[in-house]
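Q: Please see the structure below; I have some questions.
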Amino acid sequence: MIKNTHQRVGVFIDVQNLYYSAKNLHGAHVDFAKIVKEGLGDRQLIRAIAYVVRTEGEEEKPFLDALIKRGIETRERDLQIFYGGHKKADWDVGITIDCVRICDVLDVIILVSGDGDYIPLLEYLKQRGRQVEVMAFRRTTSSKLVEQADIFTDLGEDDRFLIKSRRPLTRHTPTRRTPAKKPASRSTTRKPTTRRTTKK
C-alpha cells in the first residue's frame with residue numbers, strides 16, 4: 001500500500017489497550033508521540049485523538065498533559081465500577097463512532113490498538129474506500145485485525161516506541177503456595193528380642 005504526502009490522516013489511539021500491552025510484554029510505558037510521528041510520515045495530520053480511562057486517583061494527569069503538549073487531543077472517561085466490584089474500562093464504541101463520523105474528511109485511518117472488537121469498523125471503513133492502518137504489539141493483537149489492515153506496524157519489533165520506567169512496573173502474577181514439607185518420619189520399629197531359656 002502506497003503512502004503519499006497528499007493523504008489526509010486521522011490517528012485514533014486506544015490508550016488502555018496499548019498501556020497494558022506495553023506493561024505486560026515489556027514492563028514499559030508507550031511513547032505515543034513517536035507512534036503518531038511514525039504512522040503519519042510525511043502525510044497531512046487532520047486529527048490525532050487519544051482515548052483515556054480515568055482511574056480513581058490522579059495518576060494519569062501528567063500523562064494527559066504530555067499528550068496535549070504534543071498536539072494530541074484527549075477524550076476522557078471515568079472507570080466504571082459495577083455492583084460486585086466488576087470494572088469496565090474501554091472506548092470501543094466511542095472510537096468507532098468518531099472514526100465513522102470523521103472518515104468523510106480523511107483518506108487514511110490509523111487505529112492504534114490490537115483489539116479484535118474493531119474488525120467490523122475496519123471492514124466498514126474499507127468499504128467506504130478508506131485506507132486502514134493498524135499499529136499495535138503483534139503478540140497481543142488479534143490475527144483477524146492484522147489481516148483486515150492495509151498496513152500493520154508491529155510496535156514490539158524494537159524499543160523506540162517504549163519509555164523504560166526507572167522503577168520496574170509491578171506485574172500481577174499469581175502467587176503459588178508451596179505446601180509445607182512434612183518432617184521425615186522416624187522408624188520406631190523395635191528389634192525382636194530373643195529370650196534365652198536355660199535348661200536345668
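Here, A, B, ... name the chains of the C-alpha cells in the order displayed, residue numbers run from 1 inside each chain, and ligands are numbered from 1 in the same displayed order.
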Pick out the residues sitting within 10 Å of Leu64 of chain A, and hand them over as a PyMOL selection string; count only C-alpha atoms, and ignore anything fewer than 5 positions along from it in its own chain.
A: chain A and resi 50+52+59+69+72-76
Q: Store the residues of this selection in a file with C-alpha atoms, as a PDB file, in the first residue's frame.
A:
```pdb
ATOM      1  CA  ALA A  50      -6.133   9.542  22.425  1.00  0.00           C
ATOM      2  CA  VAL A  52      -8.178   7.627  28.072  1.00  0.00           C
ATOM      3  CA  GLU A  59      -2.085   9.112  38.158  1.00  0.00           C
ATOM      4  CA  LYS A  69       1.674  19.294  24.704  1.00  0.00           C
ATOM      5  CA  ILE A  72      -2.745  15.010  20.613  1.00  0.00           C
ATOM      6  CA  GLU A  73      -6.390  15.530  21.567  1.00  0.00           C
ATOM      7  CA  THR A  74      -7.742  13.557  24.507  1.00  0.00           C
ATOM      8  CA  ARG A  75     -11.110  12.015  25.218  1.00  0.00           C
ATOM      9  CA  GLU A  76     -11.603  11.048  28.847  1.00  0.00           C
TER      10      GLU A  76
END
```
Q: Residues near Ile13 of chain A, anyone? I mean within 8 Å using only C-alpha atoms, not counting same-chain ones fewer than 3 positions away, as a list in words.
A: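 The neighbour list is Ala48, Ile49, Ala50, Tyr51, Leu111, Val112 and Ser113 of chain A.
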Q: For N, CA and C atoms, I'd like the residues from the last selection saved as an mmCIF file, in the first residue's frame.
A:
```cif
data_model
loop_
_atom_site.group_PDB
_atom_site.id
_atom_site.type_symbol
_atom_site.label_atom_id
_atom_site.label_comp_id
_atom_site.auth_asym_id
_atom_site.auth_seq_id
_atom_site.Cartn_x
_atom_site.Cartn_y
_atom_site.Cartn_z
ATOM 1 N N ALA A 48 -5.557 13.712 15.665
ATOM 2 C CA ALA A 48 -4.924 12.641 16.442
ATOM 3 C C ALA A 48 -5.591 12.661 17.806
ATOM 4 N N ILE A 49 -6.310 11.585 18.121
ATOM 5 C CA ILE A 49 -7.115 11.555 19.347
ATOM 6 C C ILE A 49 -6.708 10.352 20.193
ATOM 7 N N ALA A 50 -6.447 10.613 21.474
ATOM 8 C CA ALA A 50 -6.133 9.542 22.425
ATOM 9 C C ALA A 50 -7.318 9.373 23.370
ATOM 10 N N TYR A 51 -7.753 8.137 23.526
ATOM 11 C CA TYR A 51 -8.926 7.831 24.349
ATOM 12 C C TYR A 51 -8.449 7.230 25.672
ATOM 13 N N LEU A 111 -5.512 3.141 13.256
ATOM 14 C CA LEU A 111 -6.028 2.665 14.535
ATOM 15 C C LEU A 111 -4.860 2.142 15.363
ATOM 16 N N VAL A 112 -4.667 2.725 16.526
ATOM 17 C CA VAL A 112 -3.585 2.290 17.409
ATOM 18 C C VAL A 112 -4.201 1.426 18.500
ATOM 19 N N SER A 113 -4.357 0.153 18.196
ATOM 20 C CA SER A 113 -4.966 -0.811 19.115
ATOM 21 C C SER A 113 -4.841 -2.207 18.519
#
```
Q: So how far away is atom CA of Gln131 of chain A from atom CA of Val93 of chain A, in Å?
A: 20.4 Å
Q: Can you pull out the residues contacting Leu40 of chain A? Cut-off 9 Å, using only C-alpha atoms, and skip same-chain residues under 6 positions away; I want them as a PyMOL selection string.
A: chain A and resi 9-11+110
Q: If you measure from atom CA of Asp117 of chain A to atom CA of Asp150 of chain A, what distance in Å do you get, rounded to one decimal?
A: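 Distance reported for this atom pair: 17.2 Å.
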Q: Taking the DSSP assignment computed from this structure's backbone, write out as a PyMOL selection string all residues of segment 96-168 of chain A that belong to helix (DSSP H, G or I).
A: chain A and resi 96-105+116-127+138-140+143-148
Q: Taking 3 positions as the minimum chain separation for residues in the same chain, which residues sit within 12 Å of Gly39 of chain A when counting only C-alpha atoms? Answer as a count of residues only.
A: 32
Q: Given only C-alpha atoms as the basis, pick out the residue of A:Gly94, A:Asn17, A:Phe137, A:Ile68 nearest to Leu162 of chain A.
A: A:Phe137
Q: From the set A:Leu106, A:Leu18, A:Leu145, A:Val30, which residue has the shortest atom-to-atom contact distance to Gly129 of chain A, counting only C-alpha atoms?
A: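 Smallest distance to Gly129 of chain A is found for A:Leu106.
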Q: What separation in Å, quoted to one decimal, exists between atom CA of Tyr19 of chain A and atom CA of Asp90 of chain A?
A: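 So the two atoms, atom CA of Tyr19 of chain A and atom CA of Asp90 of chain A, lie 12.2 Å apart.
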